[in-house]
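Chemist: Input: one structure, supplied below.
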Amino acid sequence: MIRFICADLRRLWAGSLVIVLLVAFATALGVCVVLQERALRLGSARAADKFDLVIGAGGSETQLVLSSVFLQPSPLPLMPGEVLARLAVDPRVDWAAPIGFGDSFSGYPIVGTTTKMSNKLSGDFAEGKAFTHEAEAVIGSAVKLSLGDEIKPMHGSAEEGGETHTELAYHVVGRLRPTDTAWDRAILVPIQAVWHIHGLDAEEHAEGAEEVGDDHDHADDDSHDHHGKLDPEAVLKETWAADAPGLPAILVKPKTIADAYKLRQDYRNGNTIAVFPGEVLTNLYGTLGDAKQILVAVASGAQALVAASLVLVTVIHIGQRRRQIGALRAFGAPRGAIFGIVFLEFFFLVAVGIALGFALGFAAALTLSGMFSETSGIAMPVGFAREDAGLMGVLLAFAGVLAALPAVLAYRQSPAQALRA
């Protein structure tokens, strides 16, 4: 029987190939959706794990996390600098790092922060050291620059017609180890330099503070009036006073879990918001889940159409093979053997298509995740899980039902009618 099936498949190789490819592409669509959605969940969750608590001005919690944790450009309202001063001396806080953004270089976001943040983010340096002067910068592991390279910050981006700052050029002094977060594509500079380059010193922070956290909305304005002068060799002073310039966000490392919840409660007062990034992501996952259901429904619809097409093709194919089936019956082949030949032949083609579809879906998800990681810096782990074995089992069971239809038609066909056809 197996030899007959192999000979039949070789003779009808073109039609067999079409069936395999139809099943493979339909399966790959569904597998890619499942794997890509899972990779996005895992990648974003792991990226958010590095940040315990984020505090910002009153506004959207989701946007605060997207901007501060995932470094997605967007204008954020500023909170008073006194919030940073209070956190710096709070006994419940291990460390608090202010962040300021709005500038970029060669497509990489420039983030103003502190030496503590640059030391704690990846745990160690792959090369070089932390910045100690205003004109020094530390780069993430995915930034394609080298130690000693010069960085001239641009307010906004080149695509938006951003303006290059001429007051200061940073020089790379260190590279962080990989963190699998968006910060791998970031350039870290002293927050003190960011304040000075935008003319935001402690005495004048109220006059132009919005520029630190702005998403380049004022790139076309004459912002020279707000630019300040600074000393590239100035040593950093990372002690915060109540009159510090406004900030879009502060990343906080509480000493204990209990302290984290207390801090979140204390700073959710209307003027400021405090969020756990993981909780915000949970809400986003709900939206992703709805989108996934829609995509899975589309993939299932495509698979149903392919199944219907295959049924039609196989029914026509059985009709064209009536003489062959009649000859087999005339030579003494039992009905069970005819059923087995047709069933195994069709089931084999569909099973091969399903296996190939899983491979193609995995390759497509791997490619898409790689492209996303390249642009965002977030590692997107693509892999199969136990529930995927259940999906394959369901598809193979459906293939069995599908293969049984032409096999039953062949089983019920009488040899006399087949030979007269």
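Quick note on naming: the chains in the structure tokens go A, B, ... in the order shown, residues restart at 1 in each chain, and ligands are numbered from 1 in order of appearance.
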Within 12 Å of Phe131 in chain A, counting only C-alpha atoms, which residues qualify if same-chain residues fewer than 3 places away don't, as an NGL selection string?
Modeler: :A and (112-119 or 125 or 128 or 134-139 or 147 or 170-176 or 187-193 or 232-237)
Chemist: Can you pull out the residues contacting range 260-265 of chain A? Cut-off 7 Å, using only C-alpha atoms, and skip same-chain residues under 6 positions away; I want them as a PyMOL selection string.
Modeler: chain A and resi 254+274-275
Chemist: Can you tell me which residues surround range 353-358 of chain A at a distance of at most 7 Å, considering only C-alpha atoms, apart from same-chain residues fewer than 5 positions away, and format the answer as a PyMOL selection string?
Modeler: chain A and resi 20-21+23-25+27-28+31
Chemist: Write out as a ChimeraX atom specification the set of residues from range 4-135 of chain A that DSSP, computed on the backbone, places in strand (DSSP E or B).
Modeler: /A:53-57,79,93-105,108-113,125-128,133
Chemist: Choose the residue, out of A:Gly361, A:Pro178, A:Gly377, A:Pro153, that has the smallest atom-to-atom separation from Leu71 in chain A; count only C-alpha atoms.
Modeler: A:Gly377
Chemist: Go ahead and compute the interatomic distance for CA of Arg46 in chain A and CA of Phe70 in chain A, in Å to one decimal.
Modeler: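 According to the coordinates, CA of Arg46 in chain A and CA of Phe70 in chain A are separated by 11.5 Å.
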Chemist: Measuring between only C-alpha atoms, which one of A:Trp95, A:Phe276, A:Phe101, A:Trp13 shows the shortest distance to Pro248 in chain A?
Modeler: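 Result for the nearest residue to Pro248 in chain A: A:Phe101.
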Chemist: Give the answer as one residue: which of A:Val93, A:Leu29, A:Val311, A:Leu247 has the shortest atom-to-atom distance to Pro406 in chain A, using only C-alpha atoms?
Modeler: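 Among the listed residues, A:Val311 lies closest to Pro406 in chain A.
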Chemist: Enumerate the residues of range 241-320 of chain A with a DSSP assignment of alpha helix (DSSP H), computed from the backbone, and present them as a PyMOL selection string.
Modeler: chain A and resi 257-266+277-320
Chemist: Tell me, in Å to one decimal, how far CA of Ile273 in chain A is from CA of Ile110 in chain A.
Modeler: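 Between CA of Ile273 in chain A and CA of Ile110 in chain A the gap is 23.8 Å.
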